[in-house]
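Asks: One file: protein.cif (mmCIF, C-alpha atoms).
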```cif
data_coords
#
loop_
_atom_site.label_atom_id
_atom_site.label_comp_id
_atom_site.auth_asym_id
_atom_site.auth_seq_id
_atom_site.Cartn_x
_atom_site.Cartn_y
_atom_site.Cartn_z
CA MET A 1 -50.12 81.37 -46.45
CA ILE A 2 -46.42 81.87 -46.98
CA THR A 3 -44.16 82.42 -49.98
CA TRP A 4 -41.89 79.77 -51.44
CA GLY A 5 -38.93 81.75 -50.04
CA GLU A 6 -40.37 81.57 -46.52
CA PHE A 7 -41.07 77.86 -47.01
CA THR A 8 -37.46 77.31 -48.13
CA LYS A 9 -36.19 78.97 -44.95
CA ALA A 10 -38.55 76.93 -42.76
CA GLU A 11 -38.06 73.56 -44.50
CA PRO A 12 -34.99 73.70 -46.78
CA GLU A 13 -34.74 69.95 -47.38
CA LEU A 14 -38.43 69.53 -48.28
CA ALA A 15 -38.33 72.68 -50.44
CA ALA A 16 -35.26 71.41 -52.34
CA PHE A 17 -36.97 68.08 -52.96
CA GLY A 18 -40.08 69.90 -54.15
CA ALA A 19 -38.20 72.26 -56.45
CA GLY A 20 -36.54 69.25 -58.07
CA ARG A 21 -39.84 67.48 -58.61
CA LEU A 22 -41.64 70.59 -59.91
CA GLY A 23 -38.80 71.10 -62.39
CA LEU A 24 -39.73 67.82 -64.12
CA LEU A 25 -42.54 68.64 -66.51
CA PRO A 26 -45.42 68.71 -66.57
CA SER A 27 -46.91 69.47 -63.19
CA TYR A 28 -50.65 69.56 -62.60
CA LEU A 29 -52.56 72.46 -61.09
CA ALA A 30 -56.01 71.91 -59.63
CA THR A 31 -58.30 74.90 -59.20
CA VAL A 32 -61.93 75.32 -58.18
CA ARG A 33 -64.62 76.36 -60.66
CA LYS A 34 -67.45 78.72 -59.77
CA SER A 35 -69.70 75.64 -59.41
CA GLY A 36 -67.29 74.19 -56.82
CA ALA A 37 -66.17 71.43 -59.19
CA PRO A 38 -62.43 70.85 -59.56
CA ARG A 39 -60.50 71.70 -62.71
CA VAL A 40 -57.02 70.30 -63.57
CA HIS A 41 -54.43 71.95 -65.82
CA PRO A 42 -50.94 70.90 -66.97
CA VAL A 43 -48.54 73.72 -66.03
CA THR A 44 -44.87 74.69 -65.96
CA PRO A 45 -44.19 76.07 -62.47
CA ILE A 46 -41.39 78.56 -61.91
CA VAL A 47 -39.53 78.16 -58.62
CA THR A 48 -37.28 81.03 -57.54
CA GLY A 49 -35.53 81.79 -54.27
CA ASP A 50 -38.49 83.96 -53.31
CA GLY A 51 -41.61 82.55 -54.93
CA LEU A 52 -43.54 79.88 -56.78
CA PHE A 53 -45.03 81.32 -59.97
CA LEU A 54 -47.12 80.43 -63.01
CA PHE A 55 -47.52 82.29 -66.28
CA MET A 56 -50.70 81.84 -68.30
CA GLU A 57 -52.84 83.31 -71.02
CA PRO A 58 -55.01 86.20 -69.77
CA THR A 59 -58.19 84.28 -70.71
CA SER A 60 -57.15 81.00 -69.04
CA PRO A 61 -59.86 79.34 -66.92
CA LYS A 62 -57.21 78.57 -64.27
CA GLY A 63 -56.49 82.29 -63.94
CA ARG A 64 -60.19 83.06 -63.54
CA ASP A 65 -60.45 80.33 -60.88
CA LEU A 66 -57.45 81.74 -58.99
CA ARG A 67 -58.74 85.32 -59.20
CA GLU A 68 -62.25 84.43 -58.07
CA ARG A 69 -61.62 81.70 -55.49
CA GLY A 70 -57.86 81.55 -54.99
CA TRP A 71 -57.51 77.92 -53.88
CA TYR A 72 -55.14 75.60 -55.70
CA ALA A 73 -53.32 72.28 -55.40
CA LEU A 74 -50.13 71.59 -57.38
CA HIS A 75 -48.60 68.15 -57.94
CA ASN A 76 -45.57 67.15 -59.97
CA GLY A 77 -45.95 64.73 -62.84
CA VAL A 78 -44.44 61.27 -62.46
CA PRO A 79 -42.83 59.39 -65.36
CA ASP A 80 -44.44 55.99 -64.76
CA THR A 81 -47.03 54.06 -62.76
CA SER A 82 -44.41 53.26 -60.11
CA GLY A 83 -44.10 56.94 -59.16
CA SER A 84 -40.37 56.92 -59.93
CA GLY A 85 -38.53 59.91 -58.55
CA GLY A 86 -41.15 60.62 -55.91
CA GLU A 87 -44.12 62.90 -55.58
CA PHE A 88 -44.42 66.45 -54.30
CA PHE A 89 -47.62 68.35 -53.52
CA VAL A 90 -48.31 71.91 -52.39
CA GLY A 91 -51.62 73.57 -51.73
CA GLY A 92 -52.66 77.08 -50.84
CA ARG A 93 -53.88 80.23 -52.54
CA GLY A 94 -52.85 81.88 -55.79
CA PHE A 95 -52.61 85.64 -56.32
CA ALA A 96 -52.32 87.69 -59.48
CA VAL A 97 -49.00 89.57 -59.67
CA GLU A 98 -49.36 92.96 -61.34
CA ASP A 99 -45.94 94.61 -61.06
CA ALA A 100 -43.53 94.63 -64.00
CA ALA A 101 -40.44 93.88 -61.89
CA SER A 102 -41.90 90.61 -60.58
CA TRP A 103 -43.06 89.66 -64.10
CA ALA A 104 -39.54 90.26 -65.44
CA MET A 105 -37.94 88.29 -62.57
CA ALA A 106 -40.25 85.31 -63.14
CA ALA A 107 -39.68 85.48 -66.91
CA GLU A 108 -35.91 85.39 -66.34
CA ALA A 109 -36.27 82.31 -64.10
CA ALA A 110 -38.68 80.47 -66.44
CA SER A 111 -37.51 77.49 -68.48
CA TYR A 112 -39.22 79.03 -71.53
CA GLU A 113 -39.83 82.52 -72.89
CA PRO A 114 -43.27 83.69 -71.74
CA ALA A 115 -45.33 85.69 -74.23
CA GLU A 116 -45.66 89.39 -73.41
CA SER A 117 -49.43 88.90 -73.12
CA TYR A 118 -49.12 86.30 -70.33
CA VAL A 119 -50.31 87.12 -66.83
CA LEU A 120 -48.41 86.02 -63.74
CA PHE A 121 -49.66 84.36 -60.56
CA GLU A 122 -47.80 83.65 -57.35
CA LEU A 123 -48.77 80.48 -55.51
CA LYS A 124 -48.53 80.89 -51.75
CA LEU A 125 -48.31 77.77 -49.62
CA GLY A 126 -50.51 76.49 -46.84
CA GLU A 127 -49.20 72.92 -46.95
CA ALA A 128 -46.59 70.75 -48.63
CA ARG A 129 -45.84 67.05 -48.62
CA CYS A 130 -43.80 64.44 -50.44
CA ASN A 131 -43.82 60.71 -50.96
CA GLY A 132 -41.51 58.17 -52.51
CA TYR A 133 -41.45 54.50 -53.33
CA GLY A 134 -37.92 53.41 -52.46
CA ASP A 135 -36.06 54.76 -55.49
CA VAL A 136 -35.30 58.26 -54.20
CA PRO A 137 -34.08 59.62 -50.86
CA LEU A 138 -36.78 61.63 -49.12
CA PRO A 139 -36.42 64.58 -46.77
CA ALA A 140 -36.56 63.85 -43.05
CA ARG A 141 -39.74 65.92 -42.77
CA ARG A 142 -42.28 64.82 -45.37
CA ARG A 143 -45.27 66.98 -44.38
CA TRP A 144 -45.37 70.65 -43.62
CA PRO A 145 -48.26 72.88 -42.60
CA ALA A 146 -47.96 76.65 -42.55
CA PRO A 147 -48.00 78.15 -39.07
CA PRO A 148 -51.47 79.34 -38.09
CA SER A 149 -52.26 82.96 -38.89
CA PRO A 150 -52.75 85.24 -35.91
CA PRO A 151 -56.38 86.12 -35.25
CA PRO A 152 -57.52 89.43 -36.75
CA ALA A 153 -57.22 92.44 -34.47
CA SER A 154 -60.54 93.48 -32.95
#
```
Just give me the structure as structure tokens.
Replies:
Amino acid sequence: MITWGEFTKAEPELAAFGAGRLGLLPSYLATVRKSGAPRVHPVTPIVTGDGLFLFMEPTSPKGRDLRERGWYALHNGVPDTSGSGGEFFVGGRGFAVEDAASWAMAAEAASYEPAESYVLFELKLGEARCNGYGDVPLPARRRWPAPPSPPPAS
């Protein structure tokens, strides 16, 4: 898994397209329940030069899913059944962010004022892709996988 900042360096055109799509609200976060069933949540992602973040209530089921299982998928909302503006998807693992400096940085970058009680998660990427239907220019590279992790040292 890599950070949004690392993704931006590796695939700047795809990352710029994605940041634009994720800035159009709402986006939809899928997480995995303890039972293995999916759960979908409308969210307001925060894209910075370094990371992809989400604020949420401390008791949110999506936070519990991310803490316990980690896996997520995030997709931008589209304004109509034609998919105008294009689609962007990322998937990977989410991690709770505990430090005050990161919380403050994400709050500053947010399009809203997060409540002091909110918890913060960073979404790290394992894959990204986009699609369009003729009304928006697409990046040259439309699919990106993260480079494989090196095997653990024995």
Asks: Of the candidates A:Leu138, A:Met56, A:Ala16, A:Ala115, which one gets nearest to A:Gly85 if we count all atoms listed in the file?
Replies: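 The shortest atom-to-atom distance to A:Gly85 comes from A:Leu138.
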Asks: Please evaluate the PyMOL selection byres ((chain A and resi 77) around 8) against the displayed coordinates and give the resulting residues as a ChimeraX atom specification.
Replies: /A:21-22,24-28,75-76,78-79,87
Asks: Okay, now the selection with C-alpha atoms, as an mmCIF file, keeping the file's coordinate frame?
Replies:
```cif
data_model
loop_
_atom_site.group_PDB
_atom_site.id
_atom_site.type_symbol
_atom_site.label_atom_id
_atom_site.label_comp_id
_atom_site.auth_asym_id
_atom_site.auth_seq_id
_atom_site.Cartn_x
_atom_site.Cartn_y
_atom_site.Cartn_z
ATOM 1 C CA ARG A 21 -39.840 67.480 -58.610
ATOM 2 C CA LEU A 22 -41.640 70.590 -59.910
ATOM 3 C CA LEU A 24 -39.730 67.820 -64.120
ATOM 4 C CA LEU A 25 -42.540 68.640 -66.510
ATOM 5 C CA PRO A 26 -45.420 68.710 -66.570
ATOM 6 C CA SER A 27 -46.910 69.470 -63.190
ATOM 7 C CA TYR A 28 -50.650 69.560 -62.600
ATOM 8 C CA HIS A 75 -48.600 68.150 -57.940
ATOM 9 C CA ASN A 76 -45.570 67.150 -59.970
ATOM 10 C CA VAL A 78 -44.440 61.270 -62.460
ATOM 11 C CA PRO A 79 -42.830 59.390 -65.360
ATOM 12 C CA GLU A 87 -44.120 62.900 -55.580
#
```
Asks: Between A:Ala140, A:Leu120, A:Ala19, A:Ile46, which has the minimum distance to A:Gly63 (counting all atoms listed in the file)?
Replies: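 When distances to A:Gly63 are compared using all atoms listed in the file, the smallest one comes from A:Leu120.
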Asks: In Å, how far is it from atom CA of A:Pro42 to atom CA of A:Phe121?
Replies: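 Separating atom CA of A:Pro42 from atom CA of A:Phe121 is a distance of 15.0 Å.
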Asks: Provide the atom CA of A:Glu108 to atom CA of A:Leu74 distance in Å, to one decimal place.
Replies: 21.7 Å
Asks: From the list A:Trp144, A:Glu57, A:Glu13, A:Leu29, which residue is nearest A:Ser117 when using all atoms listed in the file?
Replies: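 Smallest separation from A:Ser117 among the options: A:Glu57.
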Asks: For atom CA of A:Ala109 and atom CA of A:Arg64, determine how far apart the two atoms are, in Å to one decimal place.
Replies: 23.9 Å
Asks: Name the residues within 9 Å of (-51.3, 74.5, -49.6), counting only C-alpha atoms in the file's coordinates, and put them as number ranges by chain.
Replies: A: 1, 71-74, 89-93, 123-128, 145-146
Asks: Using only C-alpha atoms, find the one residue out of A:Asn131, A:Thr81, A:Ser60, A:Thr44 that sits nearest to A:Ser111.
Replies: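 Under the stated criterion, the closest residue is A:Thr44.
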Asks: Compare A:Met105, A:Pro137, A:Thr59, A:Val47 by their minimum atom-to-atom distance to A:Tyr118, counting only C-alpha atoms, and give me the closest one.
Replies: A:Thr59
Asks: Counting all atoms listed in the file, which of A:Val119, A:Leu52, A:Ala104, A:Val97 gets nearest to A:Thr3?
Replies: A:Leu52
Asks: Near A:Tyr133, counting all atoms listed in the file, which residues have an atom at most 9 Å away, once you skip same-chain residues fewer than 5 positions from it, shown as an mmCIF file with C-alpha atoms, in the coordinates of the input?
Replies:
```cif
data_model
loop_
_atom_site.group_PDB
_atom_site.id
_atom_site.type_symbol
_atom_site.label_atom_id
_atom_site.label_comp_id
_atom_site.auth_asym_id
_atom_site.auth_seq_id
_atom_site.Cartn_x
_atom_site.Cartn_y
_atom_site.Cartn_z
ATOM 1 C CA SER A 82 -44.410 53.260 -60.110
ATOM 2 C CA GLY A 83 -44.100 56.940 -59.160
ATOM 3 C CA SER A 84 -40.370 56.920 -59.930
ATOM 4 C CA GLY A 85 -38.530 59.910 -58.550
ATOM 5 C CA GLY A 86 -41.150 60.620 -55.910
#
```
Asks: Determine the residue membership of the PyMOL selection byres ((chain A and resi 95) around 6) for the file above and supply it as a PyMOL selection string.
Replies: chain A and resi 94+96+121-122
Asks: Using the file's own x, y and z axes, what box holds all listed atoms of stretch 22-26 of chain A with 8 Å on each side, keeping edges along x, y and z, and what are its centre and edge lengths in Å to one decimal, as AutoDock Vina command-line options?
Replies:
```
--center_x -42.1 --center_y 69.5 --center_z -63.2 --size_x 22.6 --size_y 19.3 --size_z 22.7
```
